[in-house]
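Peer 1: For reference, this is start_13.cif, and it has mmCIF, C-alpha atoms.
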```cif
data_final
loop_
_atom_site.label_atom_id
_atom_site.label_comp_id
_atom_site.auth_asym_id
_atom_site.auth_seq_id
_atom_site.Cartn_x
_atom_site.Cartn_y
_atom_site.Cartn_z
CA MET A 1 90.18 -96.22 22.96
CA ALA A 2 87.02 -95.82 20.88
CA ASN A 3 84.92 -95.22 24.00
CA LEU A 4 87.36 -92.53 25.13
CA THR A 5 87.09 -90.78 21.78
CA GLU A 6 83.31 -90.93 21.88
CA GLU A 7 83.25 -89.44 25.38
CA THR A 8 85.58 -86.63 24.29
CA ASN A 9 83.52 -85.80 21.21
CA ARG A 10 80.34 -85.86 23.28
CA ALA A 11 81.79 -83.50 25.85
CA VAL A 12 83.04 -81.07 23.20
CA ASN A 13 79.67 -81.13 21.43
CA ASP A 14 77.90 -80.46 24.73
CA ALA A 15 80.13 -77.45 25.26
CA ARG A 16 79.30 -76.09 21.82
CA ARG A 17 75.57 -76.56 22.41
CA LEU A 18 75.90 -74.80 25.76
CA VAL A 19 77.55 -71.80 24.12
CA ALA A 20 74.92 -71.67 21.37
CA ASP A 21 72.07 -71.83 23.89
CA ASN A 22 73.52 -69.07 26.02
CA ARG A 23 74.15 -66.83 23.03
CA ALA A 24 70.50 -67.29 22.16
CA GLY A 25 69.59 -66.34 25.72
CA GLY A 26 67.85 -69.63 26.38
CA ARG A 27 69.81 -71.44 29.10
CA HIS A 28 70.33 -70.43 32.71
CA ARG A 29 72.52 -72.36 35.08
CA ALA A 30 70.77 -73.58 38.21
CA VAL A 31 72.28 -72.32 41.45
CA GLY A 32 74.48 -74.90 43.11
CA THR A 33 74.95 -77.09 40.05
CA SER A 34 78.44 -78.13 39.02
CA ILE A 35 80.17 -76.94 35.88
CA GLY A 36 81.82 -80.33 35.36
CA LYS A 37 81.95 -83.93 36.48
CA GLY A 38 85.19 -83.43 38.40
CA SER A 39 83.83 -80.73 40.69
CA ALA A 40 80.59 -82.67 41.08
CA GLN A 41 82.53 -85.69 42.32
CA LEU A 42 84.45 -83.58 44.85
CA LYS A 43 81.20 -82.15 46.20
CA ALA A 44 79.65 -85.61 46.30
CA LYS A 45 82.59 -86.84 48.40
CA SER A 46 82.13 -83.91 50.76
CA LEU A 47 78.42 -84.66 51.04
CA ALA A 48 79.14 -88.33 51.77
CA ARG A 49 81.57 -87.32 54.50
CA ARG A 50 78.95 -85.07 56.12
CA ALA A 51 76.41 -87.90 55.95
CA VAL A 52 78.82 -90.27 57.73
CA LEU A 53 79.50 -87.66 60.43
CA PHE A 54 75.76 -87.07 60.87
CA LEU A 55 75.07 -90.78 61.27
CA GLY A 56 77.90 -91.00 63.78
CA ALA A 57 76.41 -88.10 65.73
CA LEU A 58 72.98 -89.77 65.75
CA PHE A 59 74.52 -93.00 67.01
CA ALA A 60 76.30 -91.13 69.82
CA ILE A 61 73.09 -89.29 70.76
CA PHE A 62 71.03 -92.46 71.00
CA VAL A 63 73.76 -94.29 72.92
CA ALA A 64 73.90 -91.40 75.39
CA ALA A 65 70.11 -91.41 75.70
CA GLY A 66 70.13 -95.18 76.28
CA VAL A 67 72.81 -94.95 78.96
CA ALA A 68 70.95 -92.12 80.67
CA GLY A 69 67.72 -94.09 80.54
CA ALA A 70 69.40 -97.14 82.07
CA ILE A 71 70.88 -95.08 84.91
CA LEU A 72 67.81 -92.96 85.59
CA ASN A 73 65.29 -95.72 84.90
CA GLY A 74 63.93 -93.87 81.86
CA ILE A 75 64.64 -90.46 80.34
CA GLY A 76 61.08 -89.18 80.60
CA PHE A 77 59.32 -86.57 78.48
CA TRP A 78 62.07 -83.98 78.72
CA GLY A 79 64.67 -86.57 77.90
CA VAL A 80 62.84 -87.40 74.68
CA ILE A 81 62.58 -83.69 73.84
CA LEU A 82 66.30 -83.18 74.48
CA THR A 83 67.20 -86.21 72.35
CA ALA A 84 65.06 -84.94 69.46
CA LEU A 85 66.57 -81.46 69.83
CA ALA A 86 70.09 -82.91 69.75
CA CYS A 87 69.24 -84.80 66.54
CA PHE A 88 67.86 -81.62 64.98
CA ILE A 89 70.98 -79.64 65.90
CA ALA A 90 73.22 -82.39 64.49
CA ALA A 91 71.28 -82.32 61.23
CA ALA A 92 71.49 -78.51 61.00
CA VAL A 93 75.25 -78.58 61.61
CA PHE A 94 76.21 -81.38 59.22
CA ILE A 95 74.07 -80.08 56.37
CA ARG A 96 76.58 -77.24 56.01
CA TYR A 97 79.75 -78.41 57.73
CA PRO A 98 82.36 -79.40 56.95
CA ALA A 99 81.88 -77.42 53.76
CA THR A 100 83.50 -78.42 50.49
CA LYS A 101 86.96 -76.85 50.56
CA VAL A 102 87.72 -74.60 47.61
CA PRO A 103 91.32 -75.29 46.53
CA LYS A 104 93.90 -72.54 46.51
CA ARG A 105 95.59 -71.47 43.30
CA ALA A 106 98.83 -73.17 44.32
CA GLU A 107 96.98 -76.49 44.66
CA LEU A 108 95.45 -76.50 41.17
CA THR A 109 98.41 -78.12 39.43
CA LEU A 110 99.03 -80.75 42.10
CA GLY A 111 98.09 -84.43 41.89
CA ASN A 112 97.15 -86.58 38.94
CA PRO A 113 95.24 -85.24 35.89
CA ALA A 114 91.83 -86.14 37.32
CA GLN A 115 92.58 -84.29 40.57
CA MET A 116 93.96 -81.29 38.69
CA VAL A 117 90.84 -81.03 36.52
CA ALA A 118 88.47 -81.48 39.48
CA ARG A 119 90.25 -78.84 41.58
CA THR A 120 90.26 -76.35 38.70
CA GLU A 121 86.55 -76.86 38.07
CA LEU A 122 85.77 -76.35 41.75
CA TRP A 123 87.95 -73.23 41.85
CA LEU A 124 86.20 -71.85 38.75
CA GLU A 125 82.80 -72.46 40.35
CA ALA A 126 83.85 -70.39 43.36
CA GLN A 127 84.96 -67.50 41.12
CA ARG A 128 81.97 -67.66 38.79
CA PRO A 129 79.51 -65.42 40.75
CA ALA A 130 82.00 -62.51 40.64
CA LEU A 131 82.30 -62.62 36.84
CA PRO A 132 80.16 -60.83 34.23
CA PRO A 133 77.43 -62.96 32.56
CA PRO A 134 79.33 -63.53 29.27
CA ALA A 135 82.35 -64.76 31.23
CA GLN A 136 80.11 -67.00 33.36
CA THR A 137 78.92 -68.65 30.15
CA ILE A 138 82.49 -69.40 29.12
CA VAL A 139 83.26 -70.77 32.59
CA ASP A 140 80.35 -73.21 32.15
CA GLN A 141 81.81 -74.17 28.78
CA LEU A 142 85.25 -74.65 30.34
CA GLY A 143 83.78 -77.10 32.83
CA VAL A 144 82.59 -79.38 30.04
CA GLN A 145 85.85 -78.95 28.11
CA LEU A 146 87.95 -79.78 31.16
CA ASP A 147 85.98 -83.01 31.58
CA ALA A 148 86.89 -83.95 27.99
CA LEU A 149 90.52 -82.95 28.53
CA GLY A 150 90.67 -85.03 31.71
CA LEU A 151 89.57 -88.12 29.77
CA GLN A 152 92.45 -87.67 27.34
CA LEU A 153 94.98 -87.04 30.11
CA LYS A 154 94.15 -90.40 31.70
CA THR A 155 95.85 -92.14 28.78
CA LEU A 156 99.09 -90.13 29.10
CA ASP A 157 102.14 -90.79 31.19
CA GLY A 158 103.00 -88.15 33.78
CA ALA A 159 106.26 -87.39 31.94
CA HIS A 160 104.51 -86.75 28.61
CA PRO A 161 105.42 -83.30 27.19
CA ALA A 162 101.74 -82.39 26.88
CA MET A 163 101.27 -82.72 30.64
CA ALA A 164 103.47 -79.68 31.32
CA GLU A 165 101.55 -77.66 28.75
CA VAL A 166 98.20 -78.67 30.23
CA ARG A 167 99.28 -77.88 33.79
CA GLU A 168 100.44 -74.45 32.66
CA LEU A 169 97.24 -73.78 30.73
CA VAL A 170 94.78 -75.12 33.31
CA GLY A 171 96.65 -74.40 36.51
CA GLU A 172 98.22 -71.04 35.68
CA TYR A 173 96.81 -69.13 32.70
CA ILE A 174 93.11 -69.62 33.43
CA PRO A 175 93.23 -68.78 37.16
CA GLU A 176 95.72 -65.94 36.61
CA THR A 177 93.37 -64.32 34.09
CA ILE A 178 90.48 -64.41 36.55
CA ASP A 179 92.62 -63.27 39.48
CA ASN A 180 93.85 -60.25 37.53
CA TYR A 181 90.25 -59.32 36.76
CA ARG A 182 89.14 -59.66 40.38
CA LYS A 183 91.91 -57.30 41.52
CA ILE A 184 90.14 -54.51 39.65
CA PRO A 185 87.56 -52.65 41.81
CA ALA A 186 84.01 -53.58 40.82
CA HIS A 187 83.01 -50.00 39.93
CA LEU A 188 85.90 -49.73 37.43
CA ARG A 189 85.32 -52.98 35.56
CA GLY A 190 82.75 -51.45 33.24
CA GLU A 191 84.82 -48.38 32.34
CA GLN A 192 86.73 -48.10 29.07
CA HIS A 193 90.49 -48.46 29.35
CA ALA A 194 92.68 -48.57 26.25
CA GLY A 195 89.61 -49.11 24.11
CA LYS A 196 87.90 -51.88 26.08
CA THR A 197 86.38 -52.54 29.48
CA ALA A 198 87.78 -55.05 31.95
CA ASP A 199 84.63 -57.13 31.48
CA GLU A 200 85.22 -57.30 27.74
CA ARG A 201 88.90 -58.15 28.11
CA LEU A 202 88.12 -60.91 30.59
CA THR A 203 85.51 -62.43 28.29
CA GLU A 204 87.84 -62.31 25.29
CA SER A 205 90.73 -63.84 27.26
CA LEU A 206 88.58 -66.67 28.62
CA ALA A 207 87.23 -67.33 25.12
CA LYS A 208 90.80 -67.69 23.81
CA LEU A 209 91.71 -69.98 26.70
CA SER A 210 88.59 -72.06 26.05
CA GLY A 211 89.63 -72.42 22.42
CA GLU A 212 93.11 -73.48 23.53
CA VAL A 213 91.70 -76.15 25.85
CA ASP A 214 89.62 -77.46 22.95
CA ARG A 215 92.68 -77.45 20.66
CA VAL A 216 94.80 -79.40 23.15
CA THR A 217 92.00 -81.92 23.68
CA ARG A 218 91.63 -82.48 19.95
CA ARG A 219 95.39 -82.84 19.50
CA LEU A 220 95.57 -85.45 22.25
CA ALA A 221 92.59 -87.28 20.74
CA GLU A 222 94.13 -87.49 17.26
CA GLY A 223 95.82 -90.80 18.06
CA ALA A 224 92.55 -92.34 19.21
CA LEU A 225 90.73 -90.92 16.18
CA ASP A 226 93.38 -92.37 13.84
CA ASP A 227 93.13 -95.78 15.52
CA LEU A 228 89.36 -95.72 15.19
CA ALA A 229 89.55 -94.73 11.51
CA ILE A 230 92.06 -97.50 10.74
CA LYS A 231 89.91 -100.07 12.54
CA SER A 232 86.80 -98.87 10.71
CA ARG A 233 88.52 -99.16 7.31
CA TYR A 234 89.77 -102.62 8.18
CA LEU A 235 86.28 -103.80 9.17
CA GLU A 236 84.79 -102.24 6.06
CA TYR A 237 87.37 -103.97 3.86
CA ARG A 238 86.99 -107.33 5.57
CA TYR A 239 83.22 -107.57 5.82
CA ALA A 240 82.45 -105.70 2.62
CA GLY A 241 84.80 -108.13 0.83
CA THR A 242 82.99 -111.15 2.27
CA GLU A 243 79.61 -109.78 1.21
CA ALA A 244 80.93 -109.09 -2.29
CA LEU A 245 82.20 -112.69 -2.57
CA GLU A 246 78.82 -114.04 -1.45
CA ASP A 247 77.05 -111.88 -4.03
CA LEU A 248 79.39 -113.20 -6.71
CA THR A 249 78.89 -116.85 -5.83
CA GLY A 250 75.19 -116.58 -5.11
CA GLY A 251 75.84 -117.75 -1.57
CA ALA A 252 76.63 -121.32 -2.75
CA GLY A 253 80.40 -121.04 -3.05
CA MET A 254 80.45 -121.48 -6.92
CA PRO A 255 79.43 -119.03 -9.63
CA ASP A 256 76.25 -119.91 -11.55
CA THR A 257 77.26 -120.35 -15.25
CA GLY A 258 73.90 -121.70 -16.41
CA VAL A 259 75.41 -125.09 -17.47
CA PRO A 260 74.22 -128.09 -15.45
CA LEU A 261 76.95 -130.13 -13.76
CA PRO A 262 77.09 -133.93 -14.21
CA ASP A 263 75.59 -136.07 -11.46
CA PHE A 264 78.39 -138.00 -9.76
CA SER A 265 76.18 -139.38 -7.03
CA ALA A 266 75.20 -142.47 -8.99
CA SER A 267 77.99 -145.08 -9.13
CA PRO A 268 78.66 -146.58 -12.61
CA ALA A 269 77.61 -150.23 -13.25
CA LYS A 270 80.43 -152.79 -13.25
CA GLN A 271 81.29 -154.11 -16.70
CA GLU A 272 80.71 -157.83 -17.22
CA ARG A 273 83.67 -159.96 -18.34
#
```
Take the structure in the file and write it out as C-alpha cells.

Peer 2:
Amino acid sequence: MANLTEETNRAVNDARRLVADNRAGGRHRAVGTSIGKGSAQLKAKSLARRAVLFLGALFAIFVAAGVAGAILNGIGFWGVILTALACFIAAAVFIRYPATKVPKRAELTLGNPAQMVARTELWLEAQRPALPPPAQTIVDQLGVQLDALGLQLKTLDGAHPAMAEVRELVGEYIPETIDNYRKIPAHLRGEQHAGKTADERLTESLAKLSGEVDRVTRRLAEGALDDLAIKSRYLEYRYAGTEALEDLTGGAGMPDTGVPLPDFSASPAKQER
C-alpha cells in the first residue's frame, strides 16, 4: 500500500513539473514518445509482435533458400542476391506493419482499469498533433496523471462506485471534449466566438478535466495515505518509546541513583557452633 502511494505521489509530482517546465517554455516532447506508461506498453507489445513476424519471415526465407539449393545443387550468385533482397523487403514491411492500432472511442471504457487507461493514453497520443500547443501540454500532463490513476484503480473492485465515475471521466468526457473541438474547421478555431476562441475553450476544458483526474486520484489515495500515516505514528511511538526508556536507564536496565549497590556475589561465611 505504501509503495502504491509513493508511485501515485511521484506521478502527480512529475505531472506538475511537466506543466511548470512547459509554461516556462523549456520542455519539448520528442516525436514518437509516449505520454504515459500504458500507451508505451501497448506500443511495446505491437513492436514485439512485429519482431516475431519478422523473425518468422526470415526463417521462411532461409528455409526456402535451403530447399532451392538442395534441389538445384546450390542457389548461385543470383540466389544469394534474391535471398538478401527478400530479407530486406521483410525488414521494410515489418518495421511499419502491423501498425499499433489506435482504439476507437467506443473501446476506451472497455476492459479492466489498466486496459482502459492504456487505450485512453494511446487515443490521446493520436489526437495530440491536431491540438494547439497549450492543449498538447495538458495532454502530456494527462498521460502522467492517468498512470497515477491507473495505479489506484488496481486496488478497487470492478463494482466500486468510483469505477463508474472514472469510466465516465476518462472514457467519455475527455474524448468528447477533443472530438467536439476537431469537428470545428481548422481555419475557424482561432476566431472569437462568444468571447473566446475554440483553442482557448479546448485548453480550459482540458485543464479542468486534468484537475478532476488529479482530484479523483487523490481521493482514491486517501485510504492508502491514512494507512501510511497510522503506521508511521505507530512506529514513531514504539521505537521512540524504546529509545526514551534506554536514555532513562542509561542502557543498563536500571536508573543510576549514585548509591552503590551491595555485592551479593560473595557468599557469607558459615557460623561456627

Peer 1: Using the chain letters and residue numbers of this document, give as an MDAnalysis selection string the residues selected by the PyMOL selection byres ((chain A and resi 101) around 10).

Peer 2: chainID A and resid 42:43 46 98:100 102:104 119 122:123

Peer 1: Would you work out the distance separating CA of Ala126 (chain A) from CA of Ala194 (chain A), expressed in Å to one decimal?

Peer 2: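 Separation between CA of Ala126 (chain A) and CA of Ala194 (chain A): 29.1 Å.
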
Peer 1: Mind giving me the straight-line distance from CA of Asp214 (chain A) to CA of Gln145 (chain A) in Å, one decimal?

Peer 2: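 Going from CA of Asp214 (chain A) over to CA of Gln145 (chain A), I get 6.6 Å.
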
Peer 1: Report the distance between CA of Leu53 (chain A) and CA of Trp78 (chain A) in Å, rounded to one decimal place.

Peer 2: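 Taking CA of Leu53 (chain A) and CA of Trp78 (chain A), their separation equals 25.5 Å.
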
Peer 1: Compare A:Gln152, A:Val213, A:Gly143, A:Leu169 by their minimum atom-to-atom distance to Glu125 (chain A), counting all atoms listed in the file, and give me the closest one.

Peer 2: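 Ranking A:Gln152, A:Val213, A:Gly143, A:Leu169 by distance to Glu125 (chain A), first place goes to A:Gly143.
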
Peer 1: So which one's closest to Gly171 (chain A), A:Gly66, A:Gly36, A:Gly111, A:Gly76? Using only C-alpha atoms, please.

Peer 2: A:Gly111

Peer 1: If we draw a sphere of 12 Å around (89.0, -69.2, 24.3), which residues have at least one atom in it when counting all atoms listed in the file? Please report them as a PDB file with C-alpha atoms, in the frame of the given file.

Peer 2:
```pdb
ATOM      1  CA  VAL A  19      77.550 -71.800  24.120  1.00  0.00           C
ATOM      2  CA  ALA A 135      82.350 -64.760  31.230  1.00  0.00           C
ATOM      3  CA  THR A 137      78.920 -68.650  30.150  1.00  0.00           C
ATOM      4  CA  ILE A 138      82.490 -69.400  29.120  1.00  0.00           C
ATOM      5  CA  VAL A 139      83.260 -70.770  32.590  1.00  0.00           C
ATOM      6  CA  GLN A 141      81.810 -74.170  28.780  1.00  0.00           C
ATOM      7  CA  LEU A 142      85.250 -74.650  30.340  1.00  0.00           C
ATOM      8  CA  GLN A 145      85.850 -78.950  28.110  1.00  0.00           C
ATOM      9  CA  LEU A 169      97.240 -73.780  30.730  1.00  0.00           C
ATOM     10  CA  TYR A 173      96.810 -69.130  32.700  1.00  0.00           C
ATOM     11  CA  ILE A 174      93.110 -69.620  33.430  1.00  0.00           C
ATOM     12  CA  THR A 177      93.370 -64.320  34.090  1.00  0.00           C
ATOM     13  CA  ARG A 201      88.900 -58.150  28.110  1.00  0.00           C
ATOM     14  CA  LEU A 202      88.120 -60.910  30.590  1.00  0.00           C
ATOM     15  CA  THR A 203      85.510 -62.430  28.290  1.00  0.00           C
ATOM     16  CA  GLU A 204      87.840 -62.310  25.290  1.00  0.00           C
ATOM     17  CA  SER A 205      90.730 -63.840  27.260  1.00  0.00           C
ATOM     18  CA  LEU A 206      88.580 -66.670  28.620  1.00  0.00           C
ATOM     19  CA  ALA A 207      87.230 -67.330  25.120  1.00  0.00           C
ATOM     20  CA  LYS A 208      90.800 -67.690  23.810  1.00  0.00           C
ATOM     21  CA  LEU A 209      91.710 -69.980  26.700  1.00  0.00           C
ATOM     22  CA  SER A 210      88.590 -72.060  26.050  1.00  0.00           C
ATOM     23  CA  GLY A 211      89.630 -72.420  22.420  1.00  0.00           C
ATOM     24  CA  GLU A 212      93.110 -73.480  23.530  1.00  0.00           C
ATOM     25  CA  VAL A 213      91.700 -76.150  25.850  1.00  0.00           C
ATOM     26  CA  ASP A 214      89.620 -77.460  22.950  1.00  0.00           C
ATOM     27  CA  ARG A 215      92.680 -77.450  20.660  1.00  0.00           C
ATOM     28  CA  VAL A 216      94.800 -79.400  23.150  1.00  0.00           C
TER      29      VAL A 216
END
```

Peer 1: Compare A:Arg167, A:Pro175, A:Lys37, A:Glu191 by their minimum atom-to-atom distance to Leu151 (chain A), counting all atoms listed in the file, and give me the closest one.

Peer 2: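 When distances to Leu151 (chain A) are compared using all atoms listed in the file, the smallest one comes from A:Lys37.
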